[in-house]
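Engineer: Okay, so here is entry.txt, and as you'll see once you scroll down, it has compact mmCIF, C-alpha atoms and all ligand atoms.
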# COMPACT_ATOMS: atom_id res chain seq x y z
CA MET D 1 0.94 -4.38 -22.52
CA ARG D 2 2.12 -7.23 -20.25
CA VAL D 3 1.80 -6.15 -16.62
CA GLY D 4 3.33 -8.33 -13.93
CA ILE D 5 1.99 -7.82 -10.42
CA ILE D 6 3.92 -8.92 -7.35
CA GLY D 7 1.38 -9.54 -4.60
CA ALA D 8 -2.26 -10.54 -4.74
CA GLY D 9 -3.83 -8.29 -2.10
CA SER D 10 -5.95 -5.14 -2.26
CA MET D 11 -3.77 -2.91 -4.45
CA ALA D 12 -2.80 -5.80 -6.73
CA ARG D 13 -6.46 -6.62 -7.39
CA ALA D 14 -7.63 -3.00 -7.63
CA LEU D 15 -5.07 -1.90 -10.20
CA GLY D 16 -4.83 -5.30 -11.89
CA GLY D 17 -8.57 -5.34 -12.38
CA GLN D 18 -8.54 -1.97 -14.10
CA TRP D 19 -5.66 -2.91 -16.38
CA ALA D 20 -7.20 -6.24 -17.33
CA ARG D 21 -10.47 -4.44 -18.18
CA ALA D 22 -8.47 -1.99 -20.30
CA GLY D 23 -7.13 -4.90 -22.36
CA HIS D 24 -3.71 -5.42 -20.81
CA GLU D 25 -2.33 -8.89 -20.04
CA VAL D 26 -2.10 -9.03 -16.25
CA ALA D 27 -0.21 -11.76 -14.39
CA PHE D 28 -0.03 -12.12 -10.61
CA GLY D 29 2.92 -13.66 -8.79
CA ALA D 30 2.48 -14.09 -5.04
CA ARG D 31 4.38 -15.96 -2.36
CA ASP D 32 1.29 -18.16 -2.00
CA ALA D 33 0.38 -19.38 -5.48
CA THR D 34 -3.20 -20.16 -4.42
CA ARG D 35 -3.74 -16.46 -3.64
CA ALA D 36 -2.41 -15.45 -7.04
CA ALA D 37 -4.80 -17.96 -8.59
CA ALA D 38 -7.72 -16.56 -6.58
CA ALA D 39 -6.88 -13.01 -7.69
CA ALA D 40 -6.69 -14.07 -11.32
CA ARG D 41 -10.01 -15.93 -11.03
CA GLN D 42 -11.64 -12.86 -9.47
CA LEU D 43 -10.51 -10.67 -12.37
CA GLY D 44 -11.44 -13.18 -15.06
CA GLU D 45 -10.47 -12.58 -18.67
CA GLY D 46 -7.11 -10.88 -19.19
CA ALA D 47 -5.66 -12.08 -15.88
CA ARG D 48 -3.59 -15.13 -15.02
CA ALA D 49 -1.58 -16.48 -12.13
CA LEU D 50 2.10 -17.37 -12.30
CA GLU D 51 4.01 -19.60 -9.92
CA ASP D 52 5.78 -16.92 -7.87
CA PRO D 53 6.88 -13.26 -7.68
CA ALA D 54 9.98 -13.92 -9.80
CA ALA D 55 7.79 -15.17 -12.65
CA ALA D 56 5.67 -12.00 -12.48
CA ALA D 57 8.83 -9.89 -12.51
CA GLU D 58 10.03 -11.76 -15.59
CA PHE D 59 6.61 -11.50 -17.30
CA GLY D 60 5.91 -7.78 -17.12
CA GLU D 61 7.04 -5.00 -19.39
CA ALA D 62 5.81 -3.09 -16.37
CA VAL D 63 5.86 -4.70 -12.92
CA LEU D 64 3.74 -3.42 -10.03
CA LEU D 65 5.15 -3.98 -6.54
CA ALA D 66 2.06 -4.45 -4.38
CA VAL D 67 3.57 -5.79 -1.15
CA PRO D 68 4.07 -4.12 2.26
CA ALA D 69 6.77 -1.46 2.29
CA ASP D 70 8.71 -3.26 5.03
CA GLN D 71 8.99 -6.34 2.78
CA VAL D 72 9.49 -4.76 -0.61
CA GLU D 73 13.30 -4.54 -0.73
CA ARG D 74 13.58 -8.19 0.30
CA VAL D 75 10.98 -9.22 -2.29
CA VAL D 76 12.67 -7.23 -5.06
CA ALA D 77 16.07 -8.65 -4.22
CA ARG D 78 14.67 -12.16 -4.80
CA ALA D 79 12.43 -11.23 -7.75
CA ALA D 80 14.08 -8.38 -9.63
CA PRO D 81 12.79 -7.75 -13.16
CA PRO D 82 15.38 -7.85 -15.95
CA ALA D 83 17.27 -4.61 -16.60
CA GLY D 84 15.34 -2.09 -18.68
CA ARG D 85 11.91 -3.02 -17.32
CA VAL D 86 9.61 -0.56 -15.58
CA LEU D 87 9.07 -1.13 -11.87
CA ILE D 88 6.04 0.61 -10.37
CA ASP D 89 6.36 1.40 -6.67
CA CYS D 90 3.00 2.05 -4.97
CA THR D 91 4.27 1.34 -1.46
CA ASN D 92 3.80 3.61 1.53
CA PRO D 93 6.60 3.34 4.09
CA ILE D 94 4.38 4.73 6.84
CA ALA D 95 4.20 3.51 10.44
CA GLY D 96 0.59 2.62 11.21
CA GLY D 97 0.33 4.17 14.66
CA THR D 98 2.31 7.40 14.32
CA LEU D 99 1.83 7.97 10.57
CA THR D 100 5.53 8.82 10.31
CA LEU D 101 7.86 7.67 7.54
CA THR D 102 9.76 4.49 8.34
CA THR D 103 12.43 5.74 5.90
CA ALA D 104 12.97 9.06 7.73
CA GLY D 105 16.57 10.22 7.66
CA GLY D 106 17.50 7.93 4.75
CA PRO D 107 16.67 7.36 1.10
CA SER D 108 13.03 7.15 0.06
CA MET D 109 11.49 3.72 -0.39
CA ALA D 110 11.45 4.27 -4.16
CA GLU D 111 15.20 4.96 -4.11
CA ARG D 112 15.79 1.86 -1.97
CA ILE D 113 13.85 -0.22 -4.47
CA ALA D 114 15.91 1.25 -7.32
CA ALA D 115 19.07 0.24 -5.46
CA ALA D 116 17.71 -3.28 -4.93
CA ALA D 117 16.83 -3.67 -8.63
CA PRO D 118 19.69 -2.08 -10.58
CA GLY D 119 19.01 -1.43 -14.26
CA THR D 120 15.22 -1.24 -13.85
CA HIS D 121 13.34 2.03 -14.20
CA VAL D 122 11.47 2.71 -10.97
CA VAL D 123 8.43 4.98 -11.06
CA LYS D 124 6.64 5.98 -7.86
CA ALA D 125 2.90 6.06 -8.54
CA PHE D 126 -0.56 5.15 -7.22
CA ASN D 127 0.56 5.38 -3.55
CA LEU D 128 -1.41 8.52 -2.68
CA CYS D 129 -4.93 7.05 -2.67
CA HIS D 130 -6.75 4.20 -0.98
CA GLU D 131 -7.21 1.01 -2.97
CA SER D 132 -10.97 1.65 -3.15
CA VAL D 133 -10.20 4.80 -5.14
CA TRP D 134 -8.25 2.78 -7.69
CA ARG D 135 -11.20 0.42 -8.08
CA ARG D 136 -13.48 3.27 -9.17
CA THR D 137 -14.31 3.06 -12.84
CA PRO D 138 -13.27 5.71 -13.64
CA PRO D 139 -11.75 7.58 -10.66
CA VAL D 140 -13.51 10.85 -11.44
CA PHE D 141 -14.73 13.16 -8.67
CA ASP D 142 -17.08 16.09 -9.29
CA GLY D 143 -16.38 15.70 -12.99
CA ARG D 144 -12.61 15.92 -12.50
CA PRO D 145 -10.39 12.90 -13.20
CA LEU D 146 -8.09 12.05 -10.32
CA ALA D 147 -4.56 13.37 -10.93
CA VAL D 148 -1.82 10.76 -10.42
CA PRO D 149 1.66 12.12 -9.61
CA LEU D 150 4.49 10.08 -11.12
CA CYS D 151 8.13 10.34 -10.03
CA GLY D 152 10.84 8.63 -12.03
CA ASP D 153 14.14 9.29 -13.77
CA ASP D 154 13.47 7.59 -17.10
CA ARG D 155 11.15 9.58 -19.36
CA ALA D 156 9.92 6.60 -21.33
CA ALA D 157 9.15 4.70 -18.12
CA VAL D 158 7.22 7.65 -16.70
CA ALA D 159 5.30 7.93 -19.99
CA LEU D 160 4.48 4.19 -19.89
CA VAL D 161 3.16 4.40 -16.31
CA GLY D 162 1.28 7.53 -17.37
CA ARG D 163 -0.49 5.46 -20.03
CA LEU D 164 -1.43 2.89 -17.39
CA ALA D 165 -2.84 5.73 -15.23
CA ALA D 166 -4.76 7.10 -18.20
CA HIS D 167 -6.23 3.65 -18.82
CA LEU D 168 -7.82 3.86 -15.36
CA GLY D 169 -9.49 7.09 -16.49
CA ALA D 170 -7.09 9.15 -14.35
CA ASP D 171 -4.89 12.10 -15.29
CA PRO D 172 -1.15 11.29 -15.17
CA VAL D 173 1.03 14.10 -13.81
CA PRO D 174 4.80 13.71 -14.28
CA ALA D 175 6.15 15.14 -11.03
CA GLY D 176 9.93 15.01 -11.31
CA GLY D 177 12.68 12.47 -10.87
CA LEU D 178 13.06 9.68 -8.36
CA ASP D 179 14.68 12.22 -6.02
CA ARG D 180 11.15 13.68 -5.61
CA ALA D 181 9.62 10.33 -4.63
CA GLY D 182 10.44 10.87 -0.95
CA LEU D 183 8.39 14.06 -1.01
CA LEU D 184 5.47 12.13 -2.48
CA GLU D 185 5.83 9.48 0.23
CA ALA D 186 5.87 12.21 2.92
CA THR D 187 2.91 13.98 1.31
CA THR D 188 0.95 10.74 1.49
CA ALA D 189 1.73 10.33 5.20
CA PHE D 190 0.63 13.92 5.79
CA MET D 191 -2.59 13.55 3.81
CA ILE D 192 -3.47 10.27 5.56
CA GLY D 193 -3.07 12.14 8.88
CA LEU D 194 -5.65 14.71 7.73
CA TRP D 195 -8.02 12.03 6.41
CA PHE D 196 -7.77 10.03 9.64
CA ALA D 197 -8.62 13.25 11.52
CA GLY D 198 -11.73 13.54 9.36
CA ARG D 199 -10.47 16.61 7.50
CA ASP D 200 -10.82 17.30 3.78
CA ALA D 201 -7.18 17.14 2.65
CA GLN D 202 -8.13 18.48 -0.78
CA ALA D 203 -9.38 21.70 0.82
CA VAL D 204 -5.94 22.68 2.17
CA LEU D 205 -4.76 23.70 -1.30
CA PRO D 206 -5.95 26.73 -3.31
CA PRO D 207 -7.00 26.40 -6.96
CA LEU D 208 -4.08 26.65 -9.42
CA ALA D 209 -4.94 30.22 -10.41
CA TYR D 210 -4.35 31.33 -6.81
CA ALA D 211 -1.37 29.09 -6.02
CA GLY D 212 1.34 31.53 -7.08
CA GLY D 213 0.19 34.77 -5.51
CA ALA D 214 -2.56 35.89 -7.92
CA GLY D 215 -5.85 37.38 -6.77
N1 LIG H 301 -4.42 -0.62 0.67
C1 LIG H 301 -4.35 0.63 0.25
O1 LIG H 301 -5.36 1.37 0.27
C2 LIG H 301 -3.06 1.17 -0.30
C3 LIG H 301 -3.07 2.40 -0.96
C4 LIG H 301 -1.87 2.90 -1.51
C5 LIG H 301 -0.70 2.17 -1.38
N2 LIG H 301 -0.71 0.98 -0.72
C6 LIG H 301 0.55 0.21 -0.64
O2 LIG H 301 0.41 -0.91 -1.48
C7 LIG H 301 1.16 -2.00 -0.97
C8 LIG H 301 0.24 -3.21 -0.90
O3 LIG H 301 -0.83 -2.91 -0.03
P1 LIG H 301 -2.15 -3.80 0.00
O4 LIG H 301 -3.18 -2.99 0.71
O5 LIG H 301 -2.43 -4.36 -1.34
O6 LIG H 301 -1.69 -4.96 0.99
P2 LIG H 301 -2.36 -6.39 1.21
O7 LIG H 301 -3.76 -6.40 0.77
O8 LIG H 301 -2.05 -6.76 2.62
O9 LIG H 301 -1.52 -7.34 0.22
C9 LIG H 301 -0.15 -7.48 0.41
C10 LIG H 301 0.40 -8.56 -0.53
O10 LIG H 301 1.79 -8.65 -0.28
C11 LIG H 301 2.11 -10.02 -0.03
N3 LIG H 301 3.27 -10.13 0.86
C12 LIG H 301 3.38 -9.74 2.14
N4 LIG H 301 4.62 -10.00 2.60
C13 LIG H 301 5.28 -10.60 1.58
C14 LIG H 301 6.60 -11.14 1.46
N5 LIG H 301 7.48 -11.10 2.46
N6 LIG H 301 6.93 -11.71 0.27
C15 LIG H 301 6.06 -11.76 -0.76
N7 LIG H 301 4.79 -11.26 -0.69
C16 LIG H 301 4.42 -10.70 0.48
C17 LIG H 301 0.85 -10.60 0.61
O11 LIG H 301 0.90 -12.01 0.53
P3 LIG H 301 0.05 -12.91 1.56
O12 LIG H 301 -1.38 -12.82 1.07
O13 LIG H 301 0.64 -14.25 1.41
O14 LIG H 301 0.21 -12.32 2.92
C18 LIG H 301 -0.20 -9.95 -0.29
O15 LIG H 301 -0.29 -10.61 -1.52
C19 LIG H 301 1.70 -1.56 0.40
O16 LIG H 301 3.05 -1.20 0.27
C20 LIG H 301 0.86 -0.33 0.74
O17 LIG H 301 1.57 0.61 1.51
C21 LIG H 301 -1.86 0.45 -0.18
Could I get this file's structure written as structure tokens?
Ligand SMILES: NC(=O)c1ccc[n+]([C@@H]2O[C@H](COP(=O)([O-])OP(=O)(O)OC[C@H]3O[C@@H](n4cnc5c(N)ncnc54)[C@H](OP(=O)(O)O)[C@@H]3O)[C@@H](O)[C@H]2O)c1

Structural biologist:
Amino acid sequence: MRVGIIGAGSMARALGGQWARAGHEVAFGARDATRAAAAARQLGEGARALEDPAAAAEFGEAVLLAVPADQVERVVARAAPPAGRVLIDCTNPIAGGTLTLTTAGGPSMAERIAAAAPGTHVVKAFNLCHESVWRRTPPVFDGRPLAVPLCGDDRAAVALVGRLAAHLGADPVPAGGLDRAGLLEATTAFMIGLWFAGRDAQAVLPPLAYAGGAG
């Protein structure tokens, strides 16, 4: 699959590296073309650099937005993929100091991106874990593949992003429409708060068999 990546930072390289290794054609488009070139060089075979974000948006059957949340709408407005393409939103609209949502009281960031790129199929994914987790090959912990929640309205788009998650060695979990993406963004802010406090966020949830009142 052709995967365009807008940005050339940590998430771009982590996920791009996995997809290039899995045999996908990965192309970076960054505002600084030398950084896109450095990212492509670091990944080696299967990765290339394009001249700018718009070229990456044009290139990808799927396009990963790997830029800061406070920039992403502006970037998408200037570099929107053609209608029908899949737009992967991994951004976290979270204020660094307070760990609150910068989108509070309004649409989720994923919904804002969808509004900025009409006709594309936005899927919220890969935002819940640190970039170092996405670099793990594979992201399996205690024998259990990492589950990756996916929120999006278009079934085929969610399935496509699910395949990209599976190619990391993770377990894709369709988790509802784009109207659920805000909950995923808030969950991430909440989990980061626990992790920053040194708590095991995974431990706050019971096993599935006990989740609905059994036992
Ligand atoms: N890091 C994580 O562990 C992690 C985990 C989950 C989700 N996320 C989300 O993933 C996204 C990317 O995070 P990251 O850690 O990869 O950030 P990063 O390493 O700082 O990389 C950000 C990239 O965005 C580019 N960028 C910044 N402002 C831009 C603008 N106005 N126009 C075009 N490009 C711009 C940067 O270009 P320059 O190099 O030129 O500045 C860089 O290529 C964020 O939304 C973040 O919330 C991050």

Engineer: Got a sec: who's within 12 Å of Val204 (chain D), counting all atoms listed in the file, leaving out chain neighbours fewer than 6 positions off, as a ChimeraX atom specification?

Structural biologist: /D:190-191,194-195,211

Engineer: Go through D:Leu15, D:Leu150, D:Ala104, D:Ala27 one by one, measure the shortest atom-to-atom distance of each to ligand LIG 301 (chain H) using only C-alpha atoms and all ligand atoms, and give the residue with the smallest value.

Structural biologist: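 Smallest separation from ligand LIG 301 (chain H) among the options: D:Leu15.
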
Engineer: When you count only C-alpha atoms, which of these residues is closest to Ala165 (chain D): D:Trp19, D:Phe141, D:Phe28, D:Phe59?

Structural biologist: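 Once distances to Ala165 (chain D) are computed over only C-alpha atoms, the minimum belongs to D:Trp19.
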
Engineer: So what do you get for CA of Asp171 (chain D) versus atom C19 of ligand LIG 301 (chain H), distance-wise?

Structural biologist: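 Interatomic distance here is 21.8 Å.
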
Engineer: What is the CA of Cys151 (chain D)-CA of Ala175 (chain D) distance in Å, reported with one decimal?

Structural biologist: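 Spanning CA of Cys151 (chain D) to CA of Ala175 (chain D) is a straight-line distance of 5.3 Å.
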
Engineer: Hey, which bits of chain D sit within 7 Å of ligand LIG 301 (chain H), and for each residue what's the closest pair of atoms and how far apart in Å (one decimal), counting only C-alpha atoms and all ligand atoms, rows by chain and increasing number, as a tab-separated table?

Structural biologist:
residue	atom	partner	partner_atom	distance
D:Gly7	CA	H:LIG301	O15	3.7
D:Ala8	CA	H:LIG301	O15	3.8
D:Gly9	CA	H:LIG301	O9	3.4
D:Ser10	CA	H:LIG301	O5	3.7
D:Met11	CA	H:LIG301	O5	3.7
D:Ala12	CA	H:LIG301	O5	5.6
D:Ala30	CA	H:LIG301	O15	5.7
D:Arg31	CA	H:LIG301	C15	4.8
D:Asp32	CA	H:LIG301	O13	5.2
D:Arg35	CA	H:LIG301	O12	6.4
D:Ala66	CA	H:LIG301	C8	4.1
D:Val67	CA	H:LIG301	O10	3.5
D:Pro68	CA	H:LIG301	O16	3.7
D:Ala69	CA	H:LIG301	O16	4.2
D:Gln71	CA	H:LIG301	N5	5.0
D:Val75	CA	H:LIG301	N6	5.4
D:Cys90	CA	H:LIG301	C5	5.2
D:Thr91	CA	H:LIG301	O16	3.3
D:Asn92	CA	H:LIG301	O17	3.7
D:Pro93	CA	H:LIG301	O17	6.3
D:Phe126	CA	H:LIG301	C4	6.3
D:Asn127	CA	H:LIG301	C4	4.0
D:Leu128	CA	H:LIG301	C4	5.8
D:Cys129	CA	H:LIG301	C4	5.3
D:His130	CA	H:LIG301	O1	3.4
D:Glu131	CA	H:LIG301	O1	3.7
D:Ser132	CA	H:LIG301	O1	6.6

Engineer: Nearest residue to His24 (chain D) out of D:His167, D:Arg199, D:Arg78, D:Arg135, using only C-alpha atoms?

Structural biologist: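 Among the listed residues, D:His167 lies closest to His24 (chain D).
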
Engineer: May I ask for the distance between CA of Glu111 (chain D) and CA of Thr188 (chain D), given in Å to one decimal place?

Structural biologist: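 Atom-to-atom, CA of Glu111 (chain D) to CA of Thr188 (chain D), that is 16.4 Å.
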